[in-house]
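As provided, coords_34.txt (compact mmCIF, C-alpha atoms and all ligand atoms) reads as follows.
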```
# COMPACT_ATOMS: atom_id res chain seq x y z
CA MET A 480 -64.01 -7.78 -0.93
CA ARG A 481 -61.30 -5.76 0.82
CA ILE A 482 -57.81 -6.25 -0.68
CA GLY A 483 -54.60 -4.70 0.65
CA LEU A 484 -51.19 -4.08 -0.90
CA GLY A 485 -48.40 -4.07 1.71
CA GLN A 486 -45.63 -2.06 0.07
CA ILE A 487 -42.53 -2.65 2.22
CA GLU A 488 -38.75 -2.25 2.05
CA PRO A 489 -36.87 -5.45 2.92
CA GLN A 490 -33.06 -5.36 3.15
CA ILE A 491 -30.59 -8.13 2.42
CA GLY A 492 -29.07 -9.66 5.54
CA GLU A 493 -31.46 -7.84 7.91
CA MET A 494 -33.86 -10.67 8.55
CA ASP A 495 -34.93 -9.56 12.03
CA LYS A 496 -35.64 -6.02 10.88
CA ASN A 497 -37.49 -7.34 7.80
CA LEU A 498 -39.70 -9.52 9.96
CA ARG A 499 -40.42 -6.61 12.34
CA ASN A 500 -41.46 -4.40 9.40
CA ILE A 501 -43.62 -7.16 7.96
CA ARG A 502 -45.28 -7.67 11.33
CA SER A 503 -46.07 -3.95 11.42
CA ILE A 504 -47.74 -4.02 7.96
CA LEU A 505 -49.65 -7.19 8.94
CA ASP A 506 -50.94 -5.39 12.05
CA GLN A 507 -51.99 -2.38 9.98
CA ALA A 508 -53.78 -4.63 7.51
CA ARG A 509 -55.63 -6.41 10.32
CA GLU A 510 -56.67 -3.06 11.84
CA ASN A 511 -57.95 -1.98 8.40
CA ASP A 512 -60.09 -5.11 8.03
CA VAL A 513 -58.12 -6.33 5.02
CA GLU A 514 -59.38 -9.77 3.92
CA ILE A 515 -56.76 -10.43 1.25
CA LEU A 516 -53.24 -9.06 1.51
CA VAL A 517 -50.51 -9.04 -1.15
CA LEU A 518 -46.85 -8.54 -0.17
CA PRO A 519 -43.92 -7.97 -2.60
CA GLU A 520 -41.66 -10.51 -4.27
CA LEU A 521 -38.86 -11.89 -2.00
CA ALA A 522 -40.45 -10.10 0.95
CA ASN A 523 -38.49 -12.11 3.54
CA SER A 524 -35.04 -11.73 2.07
CA GLY A 525 -34.41 -8.61 0.00
CA TYR A 526 -33.50 -8.83 -3.68
CA ALA A 527 -30.04 -7.70 -4.82
CA PHE A 528 -27.97 -10.74 -3.85
CA ASP A 529 -24.23 -10.84 -4.54
CA SER A 530 -23.95 -14.61 -4.72
CA LYS A 531 -25.93 -17.83 -4.75
CA SER A 532 -24.71 -18.63 -1.24
CA GLU A 533 -26.04 -15.29 0.02
CA ALA A 534 -29.43 -16.02 -1.57
CA PHE A 535 -29.35 -19.55 -0.14
CA GLU A 536 -28.67 -18.22 3.37
CA SER A 537 -31.78 -16.02 3.13
CA ALA A 538 -34.08 -18.79 1.92
CA GLU A 539 -36.53 -20.81 3.96
CA ARG A 540 -38.69 -23.88 3.35
CA VAL A 541 -42.37 -23.24 2.88
CA ASP A 542 -44.24 -23.78 6.10
CA ASP A 543 -41.00 -24.33 8.03
CA GLY A 544 -39.58 -20.89 8.71
CA GLU A 545 -40.32 -17.85 10.83
CA PHE A 546 -41.65 -15.83 7.91
CA SER A 547 -43.98 -18.59 6.67
CA HIS A 548 -45.28 -19.07 10.21
CA MET A 549 -46.01 -15.35 10.45
CA LEU A 550 -47.98 -15.43 7.18
CA LYS A 551 -49.82 -18.57 8.20
CA ASP A 552 -50.77 -17.04 11.52
CA TRP A 553 -52.04 -13.83 9.92
CA SER A 554 -54.25 -15.82 7.57
CA LYS A 555 -56.38 -17.23 10.40
CA ASN A 556 -59.93 -15.89 10.98
CA GLY A 557 -61.00 -15.72 7.36
CA ARG A 558 -58.00 -13.90 5.91
CA LEU A 559 -55.78 -14.79 2.95
CA ILE A 560 -52.23 -13.68 2.17
CA VAL A 561 -49.98 -14.04 -0.87
CA SER A 562 -46.32 -13.12 -0.57
CA GLY A 563 -43.05 -13.47 -2.38
CA LEU A 564 -40.72 -15.92 -0.62
CA CYS A 565 -37.06 -16.77 -1.13
CA GLU A 566 -37.79 -20.50 -1.04
CA ARG A 567 -35.39 -23.34 -0.32
CA ASP A 568 -36.10 -26.91 -1.33
CA ASP A 569 -33.11 -29.22 -0.78
CA GLU A 570 -30.17 -27.76 -2.69
CA ARG A 571 -32.27 -25.51 -4.93
CA ILE A 572 -33.70 -22.10 -4.26
CA TYR A 573 -36.72 -20.57 -5.97
CA ASN A 574 -38.21 -17.11 -6.30
CA SER A 575 -41.68 -18.15 -5.17
CA ALA A 576 -45.08 -16.81 -4.23
CA VAL A 577 -46.86 -18.59 -1.38
CA VAL A 578 -50.54 -18.41 -0.46
CA PHE A 579 -51.92 -19.05 3.02
CA ALA A 580 -55.61 -18.97 4.01
CA GLU A 581 -57.41 -19.93 7.22
CA GLY A 582 -54.09 -20.88 8.81
CA SER A 583 -53.17 -23.34 6.02
CA HIS A 584 -50.72 -23.37 3.13
CA ILE A 585 -52.81 -23.24 -0.08
CA LEU A 586 -50.17 -23.25 -2.80
CA THR A 587 -46.66 -22.30 -3.88
CA TYR A 588 -45.92 -20.89 -7.32
CA ARG A 589 -42.28 -20.79 -8.43
CA LYS A 590 -41.52 -17.85 -10.73
CA VAL A 591 -41.17 -19.08 -14.30
CA HIS A 592 -39.59 -16.02 -15.95
CA LEU A 593 -36.48 -15.04 -13.98
CA PHE A 594 -35.15 -11.52 -14.40
CA ASN A 595 -31.49 -10.66 -15.00
CA LYS A 596 -29.20 -11.92 -12.17
CA GLU A 597 -32.02 -13.96 -10.65
CA LYS A 598 -30.98 -16.53 -13.27
CA LEU A 599 -27.65 -16.92 -11.42
CA TRP A 600 -29.24 -17.97 -8.11
CA PHE A 601 -32.73 -19.33 -8.64
CA ALA A 602 -34.07 -22.39 -10.45
CA PRO A 603 -37.02 -21.42 -12.67
CA GLY A 604 -40.50 -22.74 -11.98
CA THR A 605 -41.80 -25.28 -14.47
CA THR A 606 -45.57 -25.09 -14.02
CA GLU A 607 -48.26 -22.83 -15.39
CA PRO A 608 -49.38 -20.02 -13.05
CA PRO A 609 -51.99 -21.22 -10.53
CA THR A 610 -55.51 -20.12 -9.65
CA PHE A 611 -57.48 -20.78 -6.49
CA GLU A 612 -60.97 -20.06 -5.17
CA HIS A 613 -61.56 -18.03 -2.03
CA ASN A 614 -64.88 -16.63 -0.76
CA ASP A 615 -66.62 -17.25 -4.10
CA ALA A 616 -63.94 -15.45 -6.10
CA CYS A 617 -61.18 -16.83 -8.31
CA PHE A 618 -57.62 -15.52 -7.97
CA GLY A 619 -54.52 -16.04 -10.07
CA VAL A 620 -50.87 -15.67 -9.05
CA MET A 621 -47.81 -14.61 -11.00
CA VAL A 622 -44.52 -12.99 -9.92
CA CYS A 623 -43.04 -9.73 -11.18
CA TRP A 624 -41.28 -10.25 -14.55
CA ASP A 625 -43.99 -12.73 -15.56
CA TRP A 626 -45.80 -9.50 -16.53
CA ALA A 627 -43.61 -9.28 -19.65
CA PHE A 628 -45.12 -12.52 -20.98
CA PRO A 629 -48.79 -11.84 -21.79
CA GLU A 630 -49.33 -15.59 -22.04
CA MET A 631 -49.16 -15.82 -18.23
CA ALA A 632 -52.04 -13.42 -17.56
CA ARG A 633 -53.99 -14.97 -20.45
CA ILE A 634 -53.57 -18.47 -18.97
CA LEU A 635 -54.83 -17.15 -15.63
CA ALA A 636 -57.84 -15.54 -17.35
CA LEU A 637 -58.61 -18.79 -19.20
CA LYS A 638 -58.47 -20.62 -15.84
CA GLY A 639 -61.11 -18.22 -14.53
CA ALA A 640 -59.04 -15.72 -12.52
CA GLN A 641 -61.00 -12.57 -11.73
CA VAL A 642 -58.10 -10.96 -9.86
CA ILE A 643 -54.36 -11.46 -10.51
CA LEU A 644 -52.28 -11.17 -7.32
CA HIS A 645 -48.81 -10.06 -8.39
CA PRO A 646 -45.93 -9.80 -5.86
CA SER A 647 -43.16 -7.73 -7.48
CA ASN A 648 -39.75 -6.05 -7.04
CA LEU A 649 -39.81 -3.61 -9.96
CA VAL A 650 -36.75 -1.77 -11.22
CA LEU A 651 -37.85 -0.93 -14.79
CA PRO A 652 -40.65 1.60 -15.39
CA TYR A 653 -42.81 -0.40 -17.82
CA CYS A 654 -44.83 -2.79 -15.67
CA PHE A 655 -47.40 -0.24 -14.48
CA ASP A 656 -48.58 0.49 -18.03
CA ALA A 657 -48.30 -3.16 -19.03
CA MET A 658 -50.59 -4.27 -16.20
CA LYS A 659 -53.29 -1.85 -17.40
CA ILE A 660 -53.16 -3.71 -20.72
CA ARG A 661 -53.06 -7.18 -19.06
CA SER A 662 -56.28 -6.07 -17.30
CA LEU A 663 -57.94 -4.76 -20.41
CA GLU A 664 -57.02 -7.63 -22.74
CA ASN A 665 -58.28 -10.20 -20.20
CA HIS A 666 -60.95 -8.06 -18.56
CA LEU A 667 -59.87 -8.73 -14.98
CA PHE A 668 -58.43 -6.95 -11.92
CA THR A 669 -54.70 -6.90 -11.19
CA ALA A 670 -53.06 -6.19 -7.82
CA THR A 671 -49.32 -5.52 -8.22
CA CYS A 672 -47.54 -5.17 -4.87
CA ASN A 673 -44.11 -3.64 -5.36
CA ARG A 674 -41.37 -2.75 -2.84
CA THR A 675 -39.57 0.53 -2.17
CA GLY A 676 -36.01 1.51 -1.30
CA THR A 677 -32.50 0.95 -2.64
CA GLU A 678 -30.31 -2.13 -2.32
CA ARG A 679 -26.71 -2.14 -3.61
CA ASN A 680 -27.50 0.68 -6.08
CA LEU A 681 -30.67 -0.98 -7.31
CA GLN A 682 -33.57 1.44 -6.94
CA PHE A 683 -37.07 -0.05 -6.58
CA SER A 684 -39.98 2.00 -7.81
CA GLY A 685 -42.84 1.58 -5.29
CA LYS A 686 -46.13 2.76 -6.87
CA SER A 687 -47.91 -0.51 -6.14
CA GLN A 688 -51.04 -0.57 -8.25
CA PHE A 689 -54.57 -1.93 -8.66
CA THR A 690 -56.10 -2.00 -12.13
CA SER A 691 -59.71 -2.66 -13.14
CA PRO A 692 -61.11 -4.94 -15.88
CA LYS A 693 -61.39 -1.80 -18.02
CA GLY A 694 -57.66 -1.12 -17.68
CA GLU A 695 -58.13 1.83 -15.30
CA VAL A 696 -55.74 2.47 -12.41
CA LEU A 697 -57.91 2.21 -9.28
CA LEU A 698 -55.11 2.84 -6.79
CA SER A 699 -51.43 3.78 -7.07
CA LEU A 700 -49.24 4.04 -3.95
CA GLY A 701 -46.33 6.42 -3.36
CA GLU A 702 -42.88 5.95 -4.84
CA GLY A 703 -40.58 6.10 -1.86
CA GLU A 704 -42.27 5.02 1.34
CA PRO A 705 -43.47 1.74 2.80
CA GLU A 706 -47.24 1.98 2.90
CA LEU A 707 -50.46 -0.03 3.01
CA GLY A 708 -53.02 0.53 0.22
CA VAL A 709 -56.55 -0.83 0.59
CA LEU A 710 -59.34 -1.13 -1.96
CA ASN A 711 -62.84 -2.66 -2.01
CA ILE A 712 -63.60 -4.52 -5.21
CA ASN A 713 -66.29 -6.80 -6.52
CA PRO A 714 -64.40 -9.63 -8.31
CA SER A 715 -67.49 -10.55 -10.34
CA ASP A 716 -67.03 -7.26 -12.24
CA ALA A 717 -64.42 -9.29 -14.15
CA ASP A 718 -66.95 -11.85 -15.39
CA GLU A 719 -68.23 -9.86 -18.37
CA LYS A 720 -65.66 -10.43 -21.13
CA LYS A 721 -67.40 -8.46 -23.86
CA LEU A 722 -65.91 -5.06 -24.73
CA THR A 723 -68.72 -4.51 -27.26
CA PRO A 724 -71.79 -6.71 -27.85
CA ARG A 725 -69.80 -8.49 -30.57
CA ASN A 726 -66.26 -8.51 -29.07
CA ASP A 727 -65.48 -10.98 -26.29
CA VAL A 728 -61.80 -10.95 -25.26
CA LEU A 729 -61.74 -14.69 -24.50
CA ALA A 730 -64.43 -16.26 -26.68
CA ASP A 731 -63.18 -14.50 -29.82
CA ARG A 732 -59.67 -15.98 -29.66
CA LYS A 733 -58.53 -18.03 -32.67
CA PRO A 734 -56.23 -20.68 -31.13
CA GLU A 735 -55.90 -22.49 -34.46
CA ILE A 736 -54.05 -19.42 -35.77
CA TYR A 737 -51.78 -19.16 -32.71
CA SER A 738 -49.94 -22.51 -32.92
CA ARG A 739 -46.64 -20.59 -33.31
CA LEU A 740 -47.07 -19.55 -29.67
CA THR A 741 -46.50 -23.08 -28.47
CA ARG A 742 -43.33 -23.60 -30.52
CA SER A 743 -40.03 -22.64 -28.92
CA SER A 744 -38.80 -20.68 -31.97
C1 LIG A 801 -38.33 -8.61 -11.45
O1 LIG A 801 -38.82 -9.59 -11.97
N1 LIG A 801 -38.06 -8.56 -10.15
C2 LIG A 801 -38.02 -7.41 -12.24
```
Could you render the structure as structure tokens?
Amino acid sequence: MRIGLGQIEPQIGEMDKNLRNIRSILDQARENDVEILVLPELANSGYAFDSKSEAFESAERVDDGEFSHMLKDWSKNGRLIVSGLCERDDERIYNSAVVFAEGSHILTYRKVHLFNKEKLWFAPGTTEPPTFEHNDACFGVMVCWDWAFPEMARILALKGAQVILHPSNLVLPYCFDAMKIRSLENHLFTATCNRTGTERNLQFSGKSQFTSPKGEVLLSLGEGEPELGVLNINPSDADEKKLTPRNDVLADRKPEIYSRLTRSS
């Protein structure tokens, strides 16, 4: 299965330019026979908003905006795409990930764990992270800062995800190491698609990354440039959950000892 990471550099208030750059990475991905493409968090809008009204202006409804139509169109002919979307739904806006396959909207996941000023503009999602099946493989979705909550990746693993698709806009340096551990502790692949560039003094770190079920880095993109990374993987490599003949990362859990995890304090 051929998966691509489309590391791009959106800019606030430059919607036309953003869409042109996205179209260019979509074309590259098509030319490279990518079957599944991941784009960064908030790929249509940019990230470093100054106000809720600015974020609102950049938002679009799922399946009813130019960006969503572009993603939907790309997903025809057997392809699948997951992308961050500045999503509007009535008076609320969400930091969402949307999935399109075969020209149809498959799902929307609204980011649960909002980072820093995102809490000023976005409403948090209220559902567990989703999985879906595609071409006999199972994928999970989470968005950027969700990485800091190991429960999210664990829930996806328990729901059968073999590959976590992870649109991101990273500004702190820790996620790349953390995702190696999320892979290892759940024995699955992760595909973190980050963005590059600077917005209003916020520097994004690029280095979009694939990790393997053994916690190895399979691919790491450059720091500063928009770029497409492509990797062939076999998702069923994530099905073996034993690290030794007697240590299974899922079957050996002791949920009866973890009840504190479901209490709020
Ligand atoms: C982040 O969640 N964009 C750091």
Hey, which bits of chain A sit within 10 Å of ligand LIG 801 (chain A), and for each residue what's the closest pair of atoms and how far apart in Å (one decimal), counting only C-alpha atoms and all ligand atoms, rows by chain and increasing number, as JSON lines?
```
{"residue": "A:Pro519", "atom": "CA", "partner": "A:LIG801", "partner_atom": "N1", "distance": 9.6}
{"residue": "A:Glu520", "atom": "CA", "partner": "A:LIG801", "partner_atom": "N1", "distance": 7.2}
{"residue": "A:Leu521", "atom": "CA", "partner": "A:LIG801", "partner_atom": "N1", "distance": 8.8}
{"residue": "A:Tyr526", "atom": "CA", "partner": "A:LIG801", "partner_atom": "N1", "distance": 7.9}
{"residue": "A:Ala527", "atom": "CA", "partner": "A:LIG801", "partner_atom": "N1", "distance": 9.7}
{"residue": "A:Asn574", "atom": "CA", "partner": "A:LIG801", "partner_atom": "N1", "distance": 9.4}
{"residue": "A:Lys590", "atom": "CA", "partner": "A:LIG801", "partner_atom": "O1", "distance": 8.8}
{"residue": "A:His592", "atom": "CA", "partner": "A:LIG801", "partner_atom": "O1", "distance": 7.6}
{"residue": "A:Leu593", "atom": "CA", "partner": "A:LIG801", "partner_atom": "O1", "distance": 6.3}
{"residue": "A:Phe594", "atom": "CA", "partner": "A:LIG801", "partner_atom": "O1", "distance": 4.8}
{"residue": "A:Asn595", "atom": "CA", "partner": "A:LIG801", "partner_atom": "C2", "distance": 7.8}
{"residue": "A:Lys596", "atom": "CA", "partner": "A:LIG801", "partner_atom": "N1", "distance": 9.7}
{"residue": "A:Glu597", "atom": "CA", "partner": "A:LIG801", "partner_atom": "N1", "distance": 8.1}
{"residue": "A:Val622", "atom": "CA", "partner": "A:LIG801", "partner_atom": "O1", "distance": 6.9}
{"residue": "A:Cys623", "atom": "CA", "partner": "A:LIG801", "partner_atom": "O1", "distance": 4.3}
{"residue": "A:Trp624", "atom": "CA", "partner": "A:LIG801", "partner_atom": "O1", "distance": 3.6}
{"residue": "A:Asp625", "atom": "CA", "partner": "A:LIG801", "partner_atom": "O1", "distance": 7.0}
{"residue": "A:Trp626", "atom": "CA", "partner": "A:LIG801", "partner_atom": "O1", "distance": 8.3}
{"residue": "A:Ala627", "atom": "CA", "partner": "A:LIG801", "partner_atom": "O1", "distance": 9.1}
{"residue": "A:Pro646", "atom": "CA", "partner": "A:LIG801", "partner_atom": "N1", "distance": 9.0}
{"residue": "A:Ser647", "atom": "CA", "partner": "A:LIG801", "partner_atom": "N1", "distance": 5.8}
{"residue": "A:Asn648", "atom": "CA", "partner": "A:LIG801", "partner_atom": "N1", "distance": 4.3}
{"residue": "A:Leu649", "atom": "CA", "partner": "A:LIG801", "partner_atom": "C2", "distance": 4.8}
{"residue": "A:Val650", "atom": "CA", "partner": "A:LIG801", "partner_atom": "C2", "distance": 5.9}
{"residue": "A:Leu651", "atom": "CA", "partner": "A:LIG801", "partner_atom": "C2", "distance": 7.0}
{"residue": "A:Pro652", "atom": "CA", "partner": "A:LIG801", "partner_atom": "C2", "distance": 9.9}
{"residue": "A:Cys654", "atom": "CA", "partner": "A:LIG801", "partner_atom": "C2", "distance": 8.9}
{"residue": "A:Asn673", "atom": "CA", "partner": "A:LIG801", "partner_atom": "N1", "distance": 9.2}
{"residue": "A:Arg674", "atom": "CA", "partner": "A:LIG801", "partner_atom": "N1", "distance": 9.9}
{"residue": "A:Phe683", "atom": "CA", "partner": "A:LIG801", "partner_atom": "N1", "distance": 9.3}
```
Please identify all polymer residues within 12 Å of Gly544 of chain A, counting all atoms listed in the file, omitting same-chain residues fewer than 4 positions from it, and present them as a tab-separated table (two decimals) with C-alpha atoms, in the coordinates of the input.
```tsv
chain	number	residue	atom	x	y	z
A	494	MET	CA	-33.86	-10.67	8.55
A	498	LEU	CA	-39.70	-9.52	9.96
A	523	ASN	CA	-38.49	-12.11	3.54
A	537	SER	CA	-31.78	-16.02	3.13
A	538	ALA	CA	-34.08	-18.79	1.92
A	539	GLU	CA	-36.53	-20.81	3.96
A	540	ARG	CA	-38.69	-23.88	3.35
A	548	HIS	CA	-45.28	-19.07	10.21
A	549	MET	CA	-46.01	-15.35	10.45
A	550	LEU	CA	-47.98	-15.43	7.18
A	551	LYS	CA	-49.82	-18.57	8.20
A	564	LEU	CA	-40.72	-15.92	-0.62
A	565	CYS	CA	-37.06	-16.77	-1.13
A	566	GLU	CA	-37.79	-20.50	-1.04
A	567	ARG	CA	-35.39	-23.34	-0.32
```
I'd like the interatomic distance between atom CA of Pro724 of chain A and atom CA of Pro629 of chain A, to a tenth of an Å.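 According to the coordinates, atom CA of Pro724 of chain A and atom CA of Pro629 of chain A are separated by 24.3 Å.
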One decimal place gives the atom CA of Lys693 of chain A-atom CA of Pro608 of chain A separation as 22.4 Å
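From atom CA of Pro714 of chain A back to atom CA of Asn726 of chain A, the distance works out to 20.9 Å.
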When distances are computed from only C-alpha atoms, which of A:Val709, A:Leu663, A:Val517, A:Leu697 shows the smallest separation from Ala576 of chain A? A:Val517
For Glu488 of chain A, which residue among A:Thr677, A:Gln507, A:Ser530, A:Asn556 is the nearest when counting only C-alpha atoms?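 The answer is A:Thr677, which sits nearest to Glu488 of chain A.
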Select, from A:Leu729, A:Ala670, A:Val561, A:Ile491, the residue with the minimum atom-to-atom distance to Ala580 of chain A, counting only C-alpha atoms.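 For Ala580 of chain A, the nearest of the given residues is A:Val561.
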Step by step: start from the point (-57.2, -4.7, -11.1) in the file's coordinates, keep every protein, DNA or RNA residue that has an atom no farther than 7 Å from it, count only C-alpha atoms, and write the set as a PDB file with C-alpha atoms, in the coordinates of the input.
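Below you can see out.pdb, which holds the result:
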```
ATOM      1  CA  VAL A 642     -58.100 -10.960  -9.860  1.00  0.00           C
ATOM      2  CA  SER A 662     -56.280  -6.070 -17.300  1.00  0.00           C
ATOM      3  CA  LEU A 667     -59.870  -8.730 -14.980  1.00  0.00           C
ATOM      4  CA  PHE A 668     -58.430  -6.950 -11.920  1.00  0.00           C
ATOM      5  CA  THR A 669     -54.700  -6.900 -11.190  1.00  0.00           C
ATOM      6  CA  ALA A 670     -53.060  -6.190  -7.820  1.00  0.00           C
ATOM      7  CA  PHE A 689     -54.570  -1.930  -8.660  1.00  0.00           C
ATOM      8  CA  THR A 690     -56.100  -2.000 -12.130  1.00  0.00           C
ATOM      9  CA  SER A 691     -59.710  -2.660 -13.140  1.00  0.00           C
ATOM     10  CA  PRO A 692     -61.110  -4.940 -15.880  1.00  0.00           C
TER      11      PRO A 692
END
```
As a compact mmCIF listing (two decimals), keeping the file's coordinate frame, please: segment 574-590 of chain A completed to N, CA and C atoms.
```txt
# COMPACT_ATOMS: atom_id res chain seq x y z
N ASN A 574 -37.56 -18.40 -6.54
CA ASN A 574 -38.21 -17.11 -6.30
C ASN A 574 -39.71 -17.40 -6.36
N SER A 575 -40.32 -17.59 -5.21
CA SER A 575 -41.68 -18.15 -5.17
C SER A 575 -42.70 -17.15 -4.64
N ALA A 576 -43.97 -17.47 -4.92
CA ALA A 576 -45.08 -16.81 -4.23
C ALA A 576 -45.81 -17.90 -3.46
N VAL A 577 -46.14 -17.61 -2.20
CA VAL A 577 -46.86 -18.59 -1.38
C VAL A 577 -48.21 -17.99 -1.00
N VAL A 578 -49.20 -18.85 -0.88
CA VAL A 578 -50.54 -18.41 -0.46
C VAL A 578 -50.94 -19.19 0.79
N PHE A 579 -51.38 -18.45 1.80
CA PHE A 579 -51.92 -19.05 3.02
C PHE A 579 -53.33 -18.52 3.24
N ALA A 580 -54.25 -19.39 3.65
CA ALA A 580 -55.61 -18.97 4.01
C ALA A 580 -56.09 -19.83 5.16
N GLU A 581 -56.83 -19.20 6.06
CA GLU A 581 -57.41 -19.93 7.22
C GLU A 581 -56.35 -20.76 7.95
N GLY A 582 -55.14 -20.19 8.07
CA GLY A 582 -54.09 -20.88 8.81
C GLY A 582 -53.49 -22.07 8.09
N SER A 583 -53.73 -22.20 6.78
CA SER A 583 -53.17 -23.34 6.02
C SER A 583 -52.44 -22.86 4.78
N HIS A 584 -51.44 -23.64 4.38
CA HIS A 584 -50.72 -23.37 3.13
C HIS A 584 -51.60 -23.84 1.96
N ILE A 585 -51.93 -22.91 1.05
CA ILE A 585 -52.81 -23.24 -0.08
C ILE A 585 -51.99 -23.67 -1.29
N LEU A 586 -50.98 -22.89 -1.63
CA LEU A 586 -50.17 -23.25 -2.80
C LEU A 586 -48.85 -22.48 -2.80
N THR A 587 -47.92 -23.00 -3.59
CA THR A 587 -46.66 -22.30 -3.88
C THR A 587 -46.52 -22.23 -5.39
N TYR A 588 -46.22 -21.04 -5.89
CA TYR A 588 -45.92 -20.89 -7.32
C TYR A 588 -44.47 -20.43 -7.44
N ARG A 589 -43.69 -21.15 -8.24
CA ARG A 589 -42.28 -20.79 -8.43
C ARG A 589 -42.15 -19.99 -9.71
N LYS A 590 -41.59 -18.79 -9.60
CA LYS A 590 -41.52 -17.85 -10.73
C LYS A 590 -40.90 -18.51 -11.96
```
